[in-house]
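For reference, my_file-v2.csv (CSV, C-alpha atoms):
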```
chain,number,residue,atom,x,y,z
A,1,MET,CA,-22.1,-54.4,-19.1
A,2,SER,CA,-18.8,-56.3,-19.5
A,3,ALA,CA,-16.4,-56.6,-16.6
A,4,ARG,CA,-13.8,-54.5,-18.4
A,5,LEU,CA,-16.3,-51.6,-18.8
A,6,ARG,CA,-17.3,-51.9,-15.2
A,7,ARG,CA,-13.6,-51.7,-14.2
A,8,LEU,CA,-13.2,-48.6,-16.3
A,9,LEU,CA,-16.2,-46.8,-15.0
A,10,PRO,CA,-14.6,-45.3,-11.9
A,11,VAL,CA,-11.7,-44.0,-14.0
A,12,VAL,CA,-14.1,-42.4,-16.5
A,13,ALA,CA,-16.1,-40.9,-13.6
A,14,VAL,CA,-13.0,-39.3,-12.1
A,15,MET,CA,-11.8,-38.0,-15.4
A,16,ALA,CA,-15.3,-36.5,-16.1
A,17,ALA,CA,-15.3,-34.9,-12.6
A,18,LEU,CA,-11.8,-33.3,-13.1
A,19,SER,CA,-12.8,-32.1,-16.6
A,20,GLY,CA,-16.0,-30.5,-15.2
A,21,LEU,CA,-13.9,-28.8,-12.5
A,22,PHE,CA,-11.5,-27.5,-15.1
A,23,VAL,CA,-14.3,-26.1,-17.3
A,24,PHE,CA,-15.9,-24.5,-14.2
A,25,GLY,CA,-12.6,-22.9,-13.3
A,26,LEU,CA,-12.3,-21.5,-16.8
A,27,LEU,CA,-15.8,-20.1,-17.0
A,28,ARG,CA,-16.3,-18.7,-13.5
A,29,GLY,CA,-14.6,-15.4,-14.3
A,30,ASN,CA,-12.8,-13.6,-11.4
A,31,PRO,CA,-14.4,-14.7,-8.2
A,32,ASP,CA,-12.0,-12.6,-6.1
A,33,ARG,CA,-14.1,-9.5,-6.9
A,34,ASP,CA,-17.2,-11.1,-5.6
A,35,ILE,CA,-15.7,-11.7,-2.1
A,36,PRO,CA,-17.7,-9.6,0.3
A,37,SER,CA,-15.8,-6.9,2.2
A,38,ASN,CA,-14.4,-7.9,5.6
A,39,PHE,CA,-16.0,-4.7,7.0
A,40,LEU,CA,-19.6,-5.8,6.3
A,41,GLY,CA,-21.7,-4.8,9.3
A,42,ARG,CA,-18.6,-3.2,10.9
A,43,GLU,CA,-17.4,0.4,11.0
A,44,VAL,CA,-15.3,1.3,8.0
A,45,PRO,CA,-11.8,2.6,8.7
A,46,ASP,CA,-11.3,6.3,9.2
A,47,PHE,CA,-9.1,8.3,6.8
A,48,ASP,CA,-7.7,11.8,6.5
A,49,LEU,CA,-6.8,12.7,2.9
A,50,PRO,CA,-6.0,15.8,0.8
A,51,VAL,CA,-8.9,17.3,-1.0
A,52,TYR,CA,-8.7,18.3,-4.7
A,53,GLU,CA,-8.5,22.1,-5.1
A,54,ARG,CA,-12.0,22.3,-6.7
A,55,PHE,CA,-13.6,21.2,-3.3
A,56,VAL,CA,-11.3,23.0,-0.9
A,57,ALA,CA,-13.6,26.0,-0.4
A,58,GLU,CA,-16.4,23.7,0.9
A,59,TYR,CA,-14.4,20.9,2.7
A,60,GLY,CA,-11.0,22.4,3.5
A,61,PRO,CA,-7.6,21.2,2.4
A,62,ARG,CA,-8.1,17.8,4.0
A,63,LEU,CA,-11.1,15.6,4.7
A,64,SER,CA,-11.4,13.2,7.6
A,65,LEU,CA,-14.2,10.6,7.6
A,66,ALA,CA,-14.7,11.1,11.3
A,67,GLU,CA,-15.6,14.8,10.6
A,68,VAL,CA,-18.3,14.1,8.1
A,69,ARG,CA,-20.0,11.0,9.7
A,70,GLY,CA,-23.7,11.3,10.6
A,71,ARG,CA,-25.4,10.6,7.2
A,72,PRO,CA,-25.4,7.8,4.7
A,73,MET,CA,-22.2,7.8,2.6
A,74,VAL,CA,-21.2,6.4,-0.8
A,75,ILE,CA,-17.4,6.1,-0.9
A,76,ASN,CA,-16.1,5.4,-4.5
A,77,PHE,CA,-12.5,4.4,-5.2
A,78,TRP,CA,-11.3,5.2,-8.7
A,79,ALA,CA,-8.1,5.7,-10.7
A,80,SER,CA,-7.3,7.8,-13.8
A,81,TRP,CA,-6.0,4.7,-15.7
A,82,CYS,CA,-9.1,2.6,-15.0
A,83,GLY,CA,-11.5,2.4,-17.9
A,84,PRO,CA,-14.6,1.2,-16.0
A,85,CYS,CA,-14.2,4.2,-13.7
A,86,TYR,CA,-14.9,6.5,-16.7
A,87,ASP,CA,-18.1,4.5,-17.3
A,88,GLU,CA,-19.5,4.9,-13.8
A,89,ALA,CA,-18.5,8.5,-13.1
A,90,PRO,CA,-21.5,10.1,-14.8
A,91,HIS,CA,-23.9,7.7,-12.8
A,92,LEU,CA,-22.2,8.8,-9.6
A,93,GLN,CA,-22.5,12.5,-10.4
A,94,ARG,CA,-26.2,12.1,-11.4
A,95,ALA,CA,-26.9,10.2,-8.1
A,96,HIS,CA,-25.2,12.9,-6.1
A,97,GLU,CA,-27.4,15.5,-7.8
A,98,ARG,CA,-30.5,13.5,-7.1
A,99,TYR,CA,-29.9,12.8,-3.4
A,100,GLY,CA,-28.2,16.2,-2.6
A,101,ASP,CA,-27.1,16.6,1.0
A,102,GLU,CA,-29.1,13.6,2.2
A,103,VAL,CA,-26.3,11.2,1.1
A,104,LEU,CA,-22.6,12.2,1.2
A,105,PHE,CA,-20.7,11.1,-1.9
A,106,ILE,CA,-16.9,10.9,-1.6
A,107,GLY,CA,-14.6,10.0,-4.4
A,108,ILE,CA,-11.1,8.7,-3.6
A,109,GLN,CA,-8.4,8.4,-6.3
A,110,THR,CA,-6.2,5.5,-5.4
A,111,GLN,CA,-3.6,3.1,-6.8
A,112,ASP,CA,-2.6,6.0,-9.0
A,113,ARG,CA,0.6,7.4,-7.5
A,114,ASP,CA,1.9,10.7,-8.9
A,115,ALA,CA,-1.2,11.2,-11.1
A,116,ARG,CA,-2.8,14.3,-9.6
A,117,ALA,CA,-2.9,16.0,-12.9
A,118,ALA,CA,-4.7,13.1,-14.4
A,119,GLY,CA,-7.0,13.0,-11.4
A,120,ARG,CA,-7.8,16.7,-11.9
A,121,ALA,CA,-8.6,16.1,-15.5
A,122,PHE,CA,-10.9,13.2,-14.6
A,123,ILE,CA,-12.8,15.4,-12.1
A,124,GLU,CA,-13.1,18.2,-14.7
A,125,ARG,CA,-14.1,15.9,-17.5
A,126,PHE,CA,-17.2,14.6,-15.6
A,127,GLY,CA,-17.9,17.9,-13.7
A,128,LEU,CA,-17.9,16.1,-10.4
A,129,THR,CA,-19.3,18.3,-7.6
A,130,PHE,CA,-18.9,15.9,-4.7
A,131,PRO,CA,-15.6,15.9,-2.8
A,132,ASN,CA,-12.8,14.0,-4.4
A,133,LEU,CA,-9.6,13.1,-2.4
A,134,PHE,CA,-6.2,11.8,-3.3
A,135,ASP,CA,-4.9,8.6,-1.8
A,136,GLY,CA,-1.3,8.9,-3.2
A,137,ASP,CA,0.3,6.0,-1.3
A,138,SER,CA,-2.8,3.7,-1.6
A,139,ARG,CA,-2.9,3.3,2.2
A,140,VAL,CA,-6.6,3.9,2.4
A,141,SER,CA,-7.0,1.4,-0.4
A,142,ILE,CA,-5.2,-1.1,1.8
A,143,ALA,CA,-7.1,-0.1,4.9
A,144,TYR,CA,-10.4,-0.8,3.0
A,145,GLY,CA,-9.1,-4.1,1.6
A,146,LEU,CA,-9.6,-3.1,-2.0
A,147,PHE,CA,-9.0,-5.7,-4.7
A,148,GLY,CA,-8.9,-3.2,-7.5
A,149,VAL,CA,-10.8,-0.2,-8.9
A,150,PRO,CA,-13.5,0.8,-9.1
A,151,GLU,CA,-15.0,-0.3,-5.9
A,152,THR,CA,-17.9,1.5,-4.1
A,153,PHE,CA,-18.7,1.3,-0.4
A,154,PHE,CA,-22.2,2.0,0.8
A,155,VAL,CA,-22.0,3.1,4.4
A,156,HIS,CA,-24.7,3.7,7.0
A,157,ALA,CA,-25.0,7.0,8.9
A,158,ASP,CA,-23.4,5.2,12.0
A,159,GLY,CA,-20.3,4.4,9.9
A,160,THR,CA,-21.0,0.6,9.4
A,161,LEU,CA,-20.7,-0.9,6.0
A,162,GLN,CA,-23.9,-2.0,4.3
A,163,HIS,CA,-22.4,-3.3,1.0
A,164,LYS,CA,-19.3,-3.2,-1.1
A,165,TYR,CA,-19.7,-3.3,-4.9
A,166,ALA,CA,-16.7,-4.2,-7.0
A,167,GLY,CA,-16.8,-3.0,-10.6
A,168,PRO,CA,-18.5,0.0,-12.3
A,169,VAL,CA,-21.7,1.0,-10.5
A,170,THR,CA,-24.9,1.6,-12.6
A,171,GLU,CA,-27.9,3.8,-11.8
A,172,VAL,CA,-29.8,0.7,-10.8
A,173,ILE,CA,-27.2,-0.4,-8.3
A,174,LEU,CA,-26.9,3.1,-6.8
A,175,SER,CA,-30.6,3.5,-6.5
A,176,GLU,CA,-31.0,0.0,-4.8
A,177,GLN,CA,-28.2,0.5,-2.4
A,178,ILE,CA,-28.9,4.1,-1.5
A,179,GLY,CA,-32.6,3.2,-1.1
A,180,ALA,CA,-31.5,0.6,1.5
A,181,LEU,CA,-29.2,3.1,3.2
A,182,ARG,CA,-32.1,5.6,3.6
A,183,ARG,CA,-34.6,3.0,5.0
B,1,MET,CA,29.4,-3.8,-43.2
B,2,SER,CA,32.2,-1.6,-41.8
B,3,ALA,CA,35.6,-1.1,-43.4
B,4,LEU,CA,37.0,-3.7,-41.0
B,5,GLY,CA,34.6,-6.3,-42.2
B,6,VAL,CA,32.6,-6.3,-39.0
B,7,GLN,CA,28.9,-6.4,-39.7
B,8,ARG,CA,27.0,-3.5,-37.9
B,9,PRO,CA,23.8,-4.5,-36.2
B,10,SER,CA,20.8,-3.0,-38.0
B,11,ALA,CA,18.8,-0.2,-36.4
B,12,VAL,CA,15.8,-2.6,-36.1
B,13,LEU,CA,17.8,-5.1,-34.2
B,14,VAL,CA,19.1,-2.5,-31.8
B,15,ALA,CA,15.6,-1.2,-31.3
B,16,LEU,CA,14.3,-4.7,-30.6
B,17,VAL,CA,17.1,-5.4,-28.0
B,18,LEU,CA,16.3,-2.0,-26.3
B,19,ALA,CA,12.6,-2.8,-26.2
B,20,ALA,CA,13.3,-6.2,-24.7
B,21,LEU,CA,15.5,-4.5,-22.0
B,22,VAL,CA,12.8,-2.0,-20.9
B,23,PRO,CA,10.9,-4.5,-18.7
B,24,VAL,CA,14.1,-5.8,-17.2
B,25,LEU,CA,15.2,-2.2,-16.4
B,26,LEU,CA,11.8,-1.5,-14.8
B,27,VAL,CA,11.9,-4.6,-12.7
B,28,GLY,CA,15.5,-3.7,-11.8
B,29,SER,CA,14.4,-0.2,-10.7
B,30,ALA,CA,11.6,-1.6,-8.6
B,31,ALA,CA,14.1,-4.0,-6.9
B,32,ALA,CA,16.3,-1.0,-6.3
B,33,GLN,CA,13.5,0.8,-4.6
B,34,ASP,CA,13.0,-2.3,-2.3
B,35,ARG,CA,16.7,-2.7,-1.6
B,36,GLU,CA,16.4,-0.9,1.8
B,37,LEU,CA,13.8,-3.3,3.0
B,38,ASP,CA,14.4,-5.8,5.7
B,39,PRO,CA,14.6,-9.4,4.4
B,40,ARG,CA,11.7,-10.2,6.8
B,41,VAL,CA,9.5,-8.0,4.7
B,42,PHE,CA,9.9,-10.4,1.8
B,43,GLU,CA,9.4,-13.5,4.1
B,44,ILE,CA,6.1,-12.0,5.3
B,45,GLY,CA,5.2,-10.8,1.8
B,46,ARG,CA,5.5,-14.4,0.5
B,47,GLU,CA,2.6,-15.3,2.8
B,48,LEU,CA,0.3,-12.6,1.4
B,49,ARG,CA,-1.5,-12.5,-1.9
B,50,CYS,CA,-1.1,-9.4,-4.0
B,51,PRO,CA,-4.7,-8.1,-4.2
B,52,THR,CA,-4.6,-6.8,-7.8
B,53,CYS,CA,-2.5,-9.6,-9.3
B,54,VAL,CA,-3.1,-13.2,-10.4
B,55,ALA,CA,-1.2,-15.9,-8.5
B,56,GLU,CA,1.5,-13.5,-7.3
B,57,SER,CA,2.5,-12.8,-3.7
B,58,VAL,CA,3.2,-9.4,-2.3
B,59,SER,CA,7.0,-10.2,-2.4
B,60,GLU,CA,7.0,-11.3,-6.0
B,61,SER,CA,4.7,-8.6,-7.5
B,62,ASN,CA,5.9,-5.4,-9.1
B,63,ALA,CA,2.4,-3.9,-8.9
B,64,ALA,CA,2.1,-0.5,-7.2
B,65,ILE,CA,-0.1,-1.8,-4.5
B,66,ALA,CA,2.3,-4.7,-3.7
B,67,ARG,CA,5.1,-2.1,-3.3
B,68,GLU,CA,3.0,-0.1,-0.9
B,69,MET,CA,2.2,-3.2,1.0
B,70,ARG,CA,5.9,-4.0,1.4
B,71,ALA,CA,6.6,-0.5,2.6
B,72,LEU,CA,3.7,-0.9,5.1
B,73,ILE,CA,5.1,-4.2,6.3
B,74,GLN,CA,8.5,-2.5,6.8
B,75,GLU,CA,6.9,0.3,8.8
B,76,GLN,CA,5.0,-2.2,11.0
B,77,LEU,CA,8.2,-4.2,11.7
B,78,ASP,CA,10.0,-0.9,12.6
B,79,GLN,CA,7.3,-0.2,15.1
B,80,GLY,CA,7.9,-3.6,16.7
B,81,SER,CA,5.1,-5.6,15.2
B,82,SER,CA,5.7,-9.4,15.0
B,83,ARG,CA,5.1,-11.5,11.8
B,84,THR,CA,1.8,-12.7,13.3
B,85,GLU,CA,0.6,-9.2,14.0
B,86,VAL,CA,1.5,-8.0,10.5
B,87,LEU,CA,-0.4,-10.9,8.9
B,88,ALA,CA,-3.4,-10.3,11.2
B,89,PHE,CA,-3.4,-6.6,10.1
B,90,PHE,CA,-3.9,-7.6,6.5
B,91,GLN,CA,-6.3,-10.4,7.4
B,92,GLU,CA,-8.5,-8.0,9.2
B,93,ARG,CA,-8.9,-5.8,6.1
B,94,TYR,CA,-8.9,-8.4,3.3
B,95,GLY,CA,-10.2,-11.5,5.1
B,96,ASP,CA,-8.7,-15.0,4.9
B,97,TRP,CA,-8.4,-14.5,1.1
B,98,ILE,CA,-5.1,-12.5,1.6
B,99,LEU,CA,-3.3,-15.4,3.3
B,100,TYR,CA,-1.5,-18.0,1.2
B,101,ASN,CA,-2.0,-20.4,4.1
B,102,PRO,CA,-5.6,-20.1,5.1
B,103,PRO,CA,-6.4,-20.8,8.7
B,104,MET,CA,-7.5,-24.3,9.5
B,105,ARG,CA,-11.2,-23.6,10.3
B,106,GLY,CA,-14.6,-23.7,8.5
B,107,LEU,CA,-14.6,-24.4,4.8
B,108,ASN,CA,-10.8,-23.9,4.8
B,109,LEU,CA,-10.5,-27.3,6.4
B,110,ILE,CA,-11.4,-28.8,3.1
B,111,VAL,CA,-8.3,-27.3,1.5
B,112,TRP,CA,-6.1,-28.8,4.2
B,113,ALA,CA,-7.9,-32.2,4.5
B,114,LEU,CA,-8.6,-33.0,0.9
B,115,PRO,CA,-5.1,-33.8,-0.2
B,116,VAL,CA,-4.6,-36.1,2.9
B,117,VAL,CA,-8.0,-37.8,2.2
B,118,VAL,CA,-7.1,-38.3,-1.5
B,119,ALA,CA,-3.7,-39.7,-0.6
B,120,LEU,CA,-5.2,-42.1,2.0
B,121,LEU,CA,-7.8,-43.3,-0.5
B,122,ALA,CA,-5.1,-43.8,-3.2
B,123,VAL,CA,-2.9,-45.9,-0.7
B,124,ALA,CA,-6.0,-47.9,0.3
B,125,TYR,CA,-6.9,-48.6,-3.4
B,126,VAL,CA,-3.3,-49.6,-4.3
B,127,ALA,CA,-3.2,-51.9,-1.2
B,128,ARG,CA,-6.5,-53.5,-2.2
B,129,LEU,CA,-5.2,-54.1,-5.8
B,130,LEU,CA,-2.0,-55.6,-4.6
B,131,ARG,CA,-3.9,-57.9,-2.2
B,132,ARG,CA,-6.2,-59.0,-5.1
B,133,TRP,CA,-3.3,-59.7,-7.4
B,134,ARG,CA,-1.5,-61.7,-4.8
B,135,ALA,CA,-4.6,-63.7,-4.0
B,136,ALA,CA,-5.1,-64.4,-7.7
B,137,ALA,CA,-1.5,-65.5,-8.1
B,138,ASP,CA,-1.8,-67.9,-5.1
B,139,THR,CA,-5.1,-69.5,-6.1
B,140,ALA,CA,-4.8,-69.6,-9.8
B,141,PRO,CA,-3.9,-73.4,-10.2
B,142,ASP,CA,-6.8,-74.4,-7.9
B,143,ASP,CA,-9.2,-72.4,-9.9
B,144,VAL,CA,-8.8,-74.5,-13.1
B,145,ASP,CA,-11.9,-76.3,-14.1
B,146,PRO,CA,-11.2,-80.1,-14.0
B,147,ASP,CA,-13.1,-80.5,-17.3
B,148,ASP,CA,-10.9,-78.0,-18.9
B,149,LEU,CA,-7.8,-79.8,-17.5
B,150,ASP,CA,-9.0,-83.1,-19.0
B,151,ARG,CA,-9.7,-81.5,-22.3
B,152,VAL,CA,-6.2,-80.0,-22.5
B,153,ARG,CA,-4.6,-83.3,-21.5
B,154,ALA,CA,-6.6,-85.1,-24.2
B,155,GLU,CA,-5.5,-82.6,-26.8
B,156,LEU,CA,-1.9,-82.9,-25.8
B,157,GLN,CA,-2.1,-86.7,-26.2
B,158,GLY,CA,-3.8,-86.3,-29.6
B,159,PRO,CA,-2.1,-85.9,-33.1
B,160,LEU,CA,-1.3,-82.2,-32.5
B,161,GLY,CA,0.2,-82.9,-29.1
B,162,GLU,CA,2.3,-85.7,-30.4
B,163,GLY,CA,3.4,-83.6,-33.3
B,164,ALA,CA,4.4,-80.9,-30.9
B,165,SER,CA,6.4,-83.2,-28.7
B,166,ARG,CA,8.4,-84.7,-31.6
```
Please render this file's structure as structure tokens.
Amino acid sequence: MSARLRRLLPVVAVMAALSGLFVFGLLRGNPDRDIPSNFLGREVPDFDLPVYERFVAEYGPRLSLAEVRGRPMVINFWASWCGPCYDEAPHLQRAHERYGDEVLFIGIQTQDRDARAAGRAFIERFGLTFPNLFDGDSRVSIAYGLFGVPETFFVHADGTLQHKYAGPVTEVILSEQIGALRR
Amino acid sequence: MSALGVQRPSAVLVALVLAALVPVLLVGSAAAQDRELDPRVFEIGRELRCPTCVAESVSESNAAIAREMRALIQEQLDQGSSRTEVLAFFQERYGDWILYNPPMRGLNLIVWALPVVVALLAVAYVARLLRRWRAAADTAPDDVDPDDLDRVRAELQGPLGEGASR
């Protein structure tokens, strides 16, 4: 190897490393969504939110997390403008029907101010039978440290968080996580 | 063209200008909503990342969640919370990710230390280069091979050298 080539070698190595870093940054997608919740293993925050009319007879006009604790919970955050929320809603409803009263499913419409009519239409469209609440000012979304919607929190009976899933849940994910909650 | 000779803007042009103004008006109305907020809200908001945006702080973003966060910061300031307490409130929920200046501990240390290390390495490399150049400049005449020197002298005294000196 000539002296000139040897001198250029460190420069080429640095350029290659920077190019690799650049390509990695482009291809790695959105890593923010993979950040685990800060509540992992801790108690999730309490909330007290208005309940959609369809569920008032069973749960009353407002639902507080403190009142319904005592069994495993699946808390799903959604919005009427969010496409992936429409993909996952049928899976959530089927899982709710499968596990019945053993697991409490709660839907929370959030980051969707002044969209109660759209929220009602969403619930009707998928025939959701688990309680759905309205987080009009997104305060519960902030309390839970949401990056976006949909996000689903799998919570133990004692109120501690087992797992947060960012993105649309599938039947496989629901089955795995609920299985772990019931163990 | 009108009777006075002034050309009227076409309907398409007017529509384009109005369409361009829509985002400006929307941002303007968002700013108006925030007008009542304490300037400290924006100072604190600049230290927080907007959770649903890309590379925007809570102060800069017009996203609904950023507006709610600004309102929440205002409420906390009204209740007497300090800047540190407000930042800690968001950090407890979102983790270190939410802070534009991550705390100096754990893996975050790399973020703080790396620029300093790179700068020091660059200074050391330039210093080494300068030293080498200076040394080369000082020692160059001594490095000449005596045989080469004799050959050059002989060539200068030869026909070519004489021709060149004429």
Practice item. For stretch 51-65 of chain B, work out the shell of residues within 6 Å, counting all atoms listed in the file and skipping chain neighbours fewer than 4 positions away, then give it as a PyMOL selection string. Key: (chain A and resi 147-148) or (chain B and resi 42+45-46)
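Among the candidates A:Gln93, A:Ser2, A:Asn76, A:Gln111, the one nearest to chain B when counting only C-alpha atoms is A:Gln111.
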Point to revise | Selected residue of minimal separation from chain B among A:Arg7, A:Arg182, A:His156, A:Arg139, counting all atoms listed in the file | key: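 Smallest distance to chain B is found for A:Arg139.
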Please identify every residue of chain A that has at least one atom no more than 9 Å from any atom of chain B, counting only C-alpha atoms, and report them as a short mmCIF file (atom, residue, chain, number, x, y, z; two decimals) with C-alpha atoms, in the coordinates of the input.
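Writing the result to iface_16.cif gives the following:
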```
data_model
loop_
_atom_site.label_atom_id
_atom_site.label_comp_id
_atom_site.auth_asym_id
_atom_site.auth_seq_id
_atom_site.Cartn_x
_atom_site.Cartn_y
_atom_site.Cartn_z
CA ASP A 32 -12.00 -12.60 -6.10
CA ILE A 35 -15.70 -11.70 -2.10
CA SER A 37 -15.80 -6.90 2.20
CA ASN A 38 -14.40 -7.90 5.60
CA PHE A 39 -16.00 -4.70 7.00
CA GLN A 111 -3.60 3.10 -6.80
CA ASP A 112 -2.60 6.00 -9.00
CA ARG A 113 0.60 7.40 -7.50
CA ASP A 137 0.30 6.00 -1.30
CA SER A 138 -2.80 3.70 -1.60
CA ARG A 139 -2.90 3.30 2.20
CA SER A 141 -7.00 1.40 -0.40
CA ILE A 142 -5.20 -1.10 1.80
CA ALA A 143 -7.10 -0.10 4.90
CA TYR A 144 -10.40 -0.80 3.00
CA GLY A 145 -9.10 -4.10 1.60
CA LEU A 146 -9.60 -3.10 -2.00
CA PHE A 147 -9.00 -5.70 -4.70
CA GLY A 148 -8.90 -3.20 -7.50
#
```
Point to revise | Between atom CA of A:Glu102 and atom CA of A:Pro36 - distance in Å to one decimal | key: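 Between these atoms lies a distance of 25.9 Å.
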Practice item. For a cut-off of 10 Å around (-15.7, 14.5, -11.6), file coordinates, pick out all residues using all atoms listed in the file and list them as a PyMOL selection string. Key: chain A and resi 54+86+89-90+92-93+107+119-132
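One distance worth recording is that between atom CA of A:Gly159 and atom CA of A:Gly83, which is 29.2 Å.
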